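First comes the structure, then the notes that go with it.
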Amino acid sequence: TQDNVHQVAQLVDPASRVVYIDNDPIVLAHGRAILEENDRTAVIQADMRDTDGILGHPEVVRLIDFDEPVAALFVSVLHCIPGSDDPAGLVRRVADRLAPGSFLVVCQLVSEDAATRDFVTDYMAKSTGNQWGEVRRPEDVHVFLEGLEVLPPGLVEVSTWRPDSDLAPKQATQEWIEYGGVGRTW
Ligand SMILES: C[S@@+](CC[C@H](N)C(=O)[O-])C[C@H]1O[C@@H](n2cnc3c(N)ncnc32)[C@H](O)[C@@H]1O
């Protein structure tokens with residue numbers, strides 16, 4: 001609820017434009033209250049699998065110029081997409097629509113341990129009451145950035161990706177972690 005994407009981006013450049021996407025109406029209601037602080041920021045309701053619908057949405061068209069490099073952030077959402085819905089294909093469809101020099105940010109829950117993956121996947125499916133995909137292996141996340149230039153330090157537990165300071169919160173356990181990185185389109 002603080003230092004959201006538009007706040008970080010607009011601190012660097014007040015002209016930055018940001019569109020948030022979620023398909024949950026409750027998230028939307030809270031999101032609009034917290035995130036739509038100015039006319040350079042919008043929150044839209046959409047299913048992230050609907051790439052064409054999102055890229056053609058009036059707010060996206062109004063705010064984002066796809067002739068210029070942009071950043072597409074899949075932050076902690078790809079574990080909501082089951083393998084049967086091809087999350088790598090979803091990321092690829094978006095990457096293909098971005099100008100060269102654009103950035104793709106991806107991270108999701110992973111575990112090295114099969115029993116932990118099954119347990120957390122099952123637990124989250126029951127507790128969210130929402131759509132839910134799966135906890136994956138770290139190497140499955142690498143597939144999301146295939147064909148892109150992966151920026152240093154590569155794919156890592158997210159709190160260790162270029163932390164702002166030593167005081168940044170660290171993942172409490174290594175059993176299952178939020179894992180990802182940043183790729184740049186050619
Ligand atoms: C773990 S939260 C991450 C939210 C945010 N990106 C962040 O980092 O704080 C996952 C979000 O994805 C949303 N979500 C799940 N499946 C979705 C889908 N198919 N399309 C759009 N949003 C989805 C959920 O409603 C939830 O708000």
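So you can find residues: chains in the structure tokens are A, B, ... in the order shown, residues in each start at 1, and ligands are numbered from 1 in order.
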
Please identify every residue of chain A that has at least one atom no farther than 7 Å from an atom of ligand 1, counting only C-alpha atoms and all ligand atoms, and for each give the shortest atom pair and the distance in Å to one decimal, arranged by chain then increasing number, as JSON lines.
```
{"residue": "A:Ile21", "atom": "CA", "partner": "ligand 1", "partner_atom_place_in_ligand_line": "21 (C)", "distance": 6.1}
{"residue": "A:Asp22", "atom": "CA", "partner": "ligand 1", "partner_atom_place_in_ligand_line": "22 (N)", "distance": 3.7}
{"residue": "A:Asn23", "atom": "CA", "partner": "ligand 1", "partner_atom_place_in_ligand_line": "21 (C)", "distance": 4.2}
{"residue": "A:Asp24", "atom": "CA", "partner": "ligand 1", "partner_atom_place_in_ligand_line": "25 (O)", "distance": 4.6}
{"residue": "A:Val27", "atom": "CA", "partner": "ligand 1", "partner_atom_place_in_ligand_line": "27 (O)", "distance": 5.8}
{"residue": "A:Ala46", "atom": "CA", "partner": "ligand 1", "partner_atom_place_in_ligand_line": "21 (C)", "distance": 5.7}
{"residue": "A:Asp47", "atom": "CA", "partner": "ligand 1", "partner_atom_place_in_ligand_line": "20 (N)", "distance": 3.5}
{"residue": "A:Met48", "atom": "CA", "partner": "ligand 1", "partner_atom_place_in_ligand_line": "20 (N)", "distance": 3.8}
{"residue": "A:Arg49", "atom": "CA", "partner": "ligand 1", "partner_atom_place_in_ligand_line": "19 (N)", "distance": 5.9}
{"residue": "A:Phe74", "atom": "CA", "partner": "ligand 1", "partner_atom_place_in_ligand_line": "6 (N)", "distance": 6.7}
{"residue": "A:Val75", "atom": "CA", "partner": "ligand 1", "partner_atom_place_in_ligand_line": "6 (N)", "distance": 4.5}
{"residue": "A:Ser76", "atom": "CA", "partner": "ligand 1", "partner_atom_place_in_ligand_line": "3 (C)", "distance": 4.7}
{"residue": "A:Val77", "atom": "CA", "partner": "ligand 1", "partner_atom_place_in_ligand_line": "10 (C)", "distance": 4.6}
{"residue": "A:Cys80", "atom": "CA", "partner": "ligand 1", "partner_atom_place_in_ligand_line": "16 (N)", "distance": 5.0}
{"residue": "A:Ile81", "atom": "CA", "partner": "ligand 1", "partner_atom_place_in_ligand_line": "19 (N)", "distance": 6.5}
{"residue": "A:Gln131", "atom": "CA", "partner": "ligand 1", "partner_atom_place_in_ligand_line": "16 (N)", "distance": 5.8}
{"residue": "A:Trp132", "atom": "CA", "partner": "ligand 1", "partner_atom_place_in_ligand_line": "16 (N)", "distance": 6.7}
```

>> So that I can check the surroundings of His79 in chain A, please list as a list of chain:residue names every protein, DNA and RNA residue that reaches within 9 Å of it, counting only C-alpha atoms and ignoring chain neighbours fewer than 6 positions away.
In response: A:Pro87, A:Cys107, A:Gln108, A:Leu109, A:Val110, A:Thr121, A:Trp132, A:Gly133, A:Glu134, A:Val135, A:Arg136

> Could you pull out the helix (DSSP H, G or I) residues of range 19-123 of chain A from DSSP and send them as a count of residues only?
Replying inline: 48

> If you count only C-alpha atoms, which residues fall within 9 Å of Glu112 in chain A, apart from same-chain ones fewer than 5 positions away, as a ChimeraX atom specification?
Replying inline: /A:117,136-138,175-176

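Note that the spacing between CA of Gly89 in chain A and CA of Gly180 in chain A amounts to 16.8 Å.
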
Can you tell me which residues surround Pro25 in chain A at a distance of at most 10 Å, considering only C-alpha atoms, apart from same-chain residues fewer than 5 positions away, and format the answer as a CSV table (one decimal) with C-alpha atoms, in the first residue's frame?
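Contents of the output file result.csv:
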```csv
chain,number,residue,atom,x,y,z
A,30,HIS,CA,-9.4,-0.6,-3.1
A,31,GLY,CA,-7.0,-0.1,-6.0
A,44,ILE,CA,-8.7,-1.3,-15.0
A,45,GLN,CA,-10.6,-4.5,-14.5
A,46,ALA,CA,-9.5,-7.2,-16.9
```

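The smallest atom-to-atom distance between Pro82 in chain A and any of A:Thr51, A:His57, A:Val19, A:Ala125, using only C-alpha atoms, is found for A:Ala125.
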
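All residues of protein, DNA or RNA that reach within 6 Å of range 63-70 of chain A, judged by only C-alpha atoms and not counting those fewer than 3 positions away in the chain, are Arg17, Val60, Ala99, Gly101 and Ser102 of chain A.
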
> Near Arg184 in chain A, counting only C-alpha atoms, which residues have an atom at most 12 Å away, once you skip same-chain residues fewer than 5 positions from it, shown as a PyMOL selection string?
Replying inline: chain A and resi 69-73+95-96+98-106+145-152+154

> When you draw a straight line from CA of Ser159 in chain A to CA of Leu28 in chain A, how long is it in Å?
Replying inline: 25.9 Å
